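Note sheet for the following structure.
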Amino acid sequence: MALLEVHDLHKHFDGVAALSGVSLHVERGEIVGLIGPNGAGKTTLFNCITGALRPDRGSVRLDGEAITGLPPHRVAQRGLARTFQLVRPFAELTALENVLCGQPHARERLWAVALRKTPKALEERAWGLLEFLGLAALAHRPAGALSYGQQKLLALATALMGEPKIVLLDEPFAGVNPTMIEHILERLKALNAQGVTFLVIEHNMEALMRLAQRVYALAAGRVIAEGTPQRIQRTPEVLEVYYGQ
Ligand SMILES: Nc1ncnc2c1ncn2[C@@H]1O[C@H](COP(=O)(O)OP(=O)(O)OP(=O)(O)O)[C@@H](O)[C@H]1O
Ligand SMILES: [Mg+2]
């Protein structure tokens, strides 16, 4: 049984068919890539999986259970976390406080953080994540003072706080310098070796090819190809939408 199973998802925005029957699956322990030109429907797919948007049709199953149409916090509680294409930490809170606000009980967590009443075990977990990602020295800085790449790492730490079964990453390398790309890439591989499953949207093909074991290509709301990174780059349909060849 797949860890994440998306079946025949459809989503329209007045007149625009953002998703037209998307099906895909992610097995436990995999890193699966999702590529496609701007406007292909990648983020919309993430929004429909995570409950940020309600699909018009189709179903999403996580670890065998239907999660279609559940609100985001319920989906998070079932073990699915995400990061956003544009990172948006709580700029005034410290890096550590941001991680403590991590899913899946964000609302309660936010109060606990505001009241400085975080249980010790949670604080230890947050420290552990900051250390693992190389952010420990910045733990008490306001998140807004961190570089964009560091904010992306912080978003990853926050997503990991709830010990998710699967993490959906929306362009983890976009707007990040080459050294930081290497660092993020290596940490994602280390997390995967520890058992974390990932579905990763990315335009940086070179980085994604080194990360993902399997890749889906999306164009105009449909899956047009699926396969290993090597194979997908040679698929005529993919070359066509990227280079018009
Ligand atoms: N909330 C919305 N309201 C109306 N149209 C939307 C909305 N969200 C997305 N769209 C449209 O749906 C289509 C798919 O957008 P989406 O953001 O999913 O693409 P994407 O593959 O993530 O692109 P990019 O690589 O640029 O991030 C686009 O035509 C977009 O304009
Ligand atoms: Mg997008």
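Identifiers for the structure tokens are assigned positionally: chains receive A, B, ... in sequence, residues are indexed from 1 per chain, and ligands are indexed from 1 in the order shown.
Near ligand 2, at a distance of at most 12 Å and with only C-alpha atoms and all ligand atoms counted, sit the residues Ala18, Leu34, Ile35, Gly36, Pro37, Asn38, Gly39, Ala40, Gly41, Lys42, Thr43, Thr44, Leu45, Phe46, Asn47, Thr83, Phe84, Gln85, Leu86, Leu169, Asp170, Glu171, Pro172, Ala174, Val200, Ile201, Glu202, His203 and Leu218 of chain A.
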When you look at Leu199 (chain A) with a cut-off of 8 Å (counting only C-alpha atoms), what residues show up, excluding the ones that are within fewer than 4 positions of it in the same chain? I need them as a ChimeraX atom specification.
/A:26,31-34,166-169
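Omitting region 227-242 of chain A and its sequence neighbours fewer than 6 positions away, and counting only C-alpha atoms, the residues within 10 Å are A:Val32, A:Gly33, A:Ile35, A:Gly36, A:Pro37, A:Met205, A:Glu206, A:Leu208, A:Met209, A:Arg210, A:Leu211, A:Ala212, A:Gln213, A:Arg214, A:Val215, A:Tyr216, A:Ala217, A:Leu218, A:Ala219, A:Ala220.
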Skip Leu122 (chain A) itself and residues of its chain fewer than 5 positions away, then list as number ranges by chain all residues within 9 Å of it, counting only C-alpha atoms.
A: 100, 127, 161
Using 6 Å as the limit and counting only C-alpha atoms, can you tabulate each residue of region 13-115 of chain A that touches region 128-147 of chain A, with its shortest atom-to-atom distance in Å and the two atoms involved, as a Markdown table?
```
| residue | atom | partner | partner_atom | distance |
| --- | --- | --- | --- | --- |
| A:Ala91 | CA | A:Gly144 | CA | 4.0 |
| A:Glu92 | CA | A:Pro142 | CA | 5.4 |
| A:Leu93 | CA | A:Pro142 | CA | 5.3 |
| A:Thr94 | CA | A:Pro142 | CA | 4.0 |
| A:Ala95 | CA | A:Ala139 | CA | 4.9 |
| A:Leu96 | CA | A:Ala139 | CA | 4.9 |
```
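With only C-alpha atoms and all ligand atoms as the atoms that count, the residue of A:Cys48, A:Val176, A:Val87, A:Ala126 with the shortest distance to ligand 1 is A:Cys48.
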For region 72-76 of chain A, please output as a VMD selection string all residues within 12 Å (counting only C-alpha atoms; exclusion window: fewer than 3 positions along the same chain).
chain A and resid 4 46 to 54 60 to 63 65 to 69 79 to 83 102 to 108 159 to 168
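Secondary structure by DSSP on the backbone puts the following residues of region 155-185 of chain A in strand (DSSP E or B): Ile166, Val167, Leu168, Leu169 and Asp170 of chain A.
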Could you write out the selected residues, including N, CA and C atoms, as a short mmCIF file (atom, residue, chain, number, x, y, z; two decimals), in the first residue's frame?
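Generated output (part-v9.cif):
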```cif
data_model
loop_
_atom_site.label_atom_id
_atom_site.label_comp_id
_atom_site.auth_asym_id
_atom_site.auth_seq_id
_atom_site.Cartn_x
_atom_site.Cartn_y
_atom_site.Cartn_z
N ILE A 166 5.25 11.97 5.95
CA ILE A 166 5.64 12.47 4.63
C ILE A 166 5.66 14.00 4.66
N VAL A 167 6.64 14.57 3.96
CA VAL A 167 6.74 16.03 3.87
C VAL A 167 6.66 16.43 2.41
N LEU A 168 5.79 17.40 2.12
CA LEU A 168 5.67 17.95 0.78
C LEU A 168 6.45 19.26 0.72
N LEU A 169 7.46 19.32 -0.15
CA LEU A 169 8.32 20.50 -0.24
C LEU A 169 8.02 21.23 -1.55
N ASP A 170 7.62 22.50 -1.46
CA ASP A 170 7.33 23.27 -2.67
C ASP A 170 8.53 24.16 -2.99
#
```
All alpha helix (DSSP H) residues (DSSP, backbone) inside chain A, as a count of residues only
91
Which residues are near Ile181 (chain A)? Cut-off 10 Å, only C-alpha atoms, ignore same chain within fewer than 4 positions. Put them as number ranges by chain.
A: 149, 172-177, 185-187, 204, 207
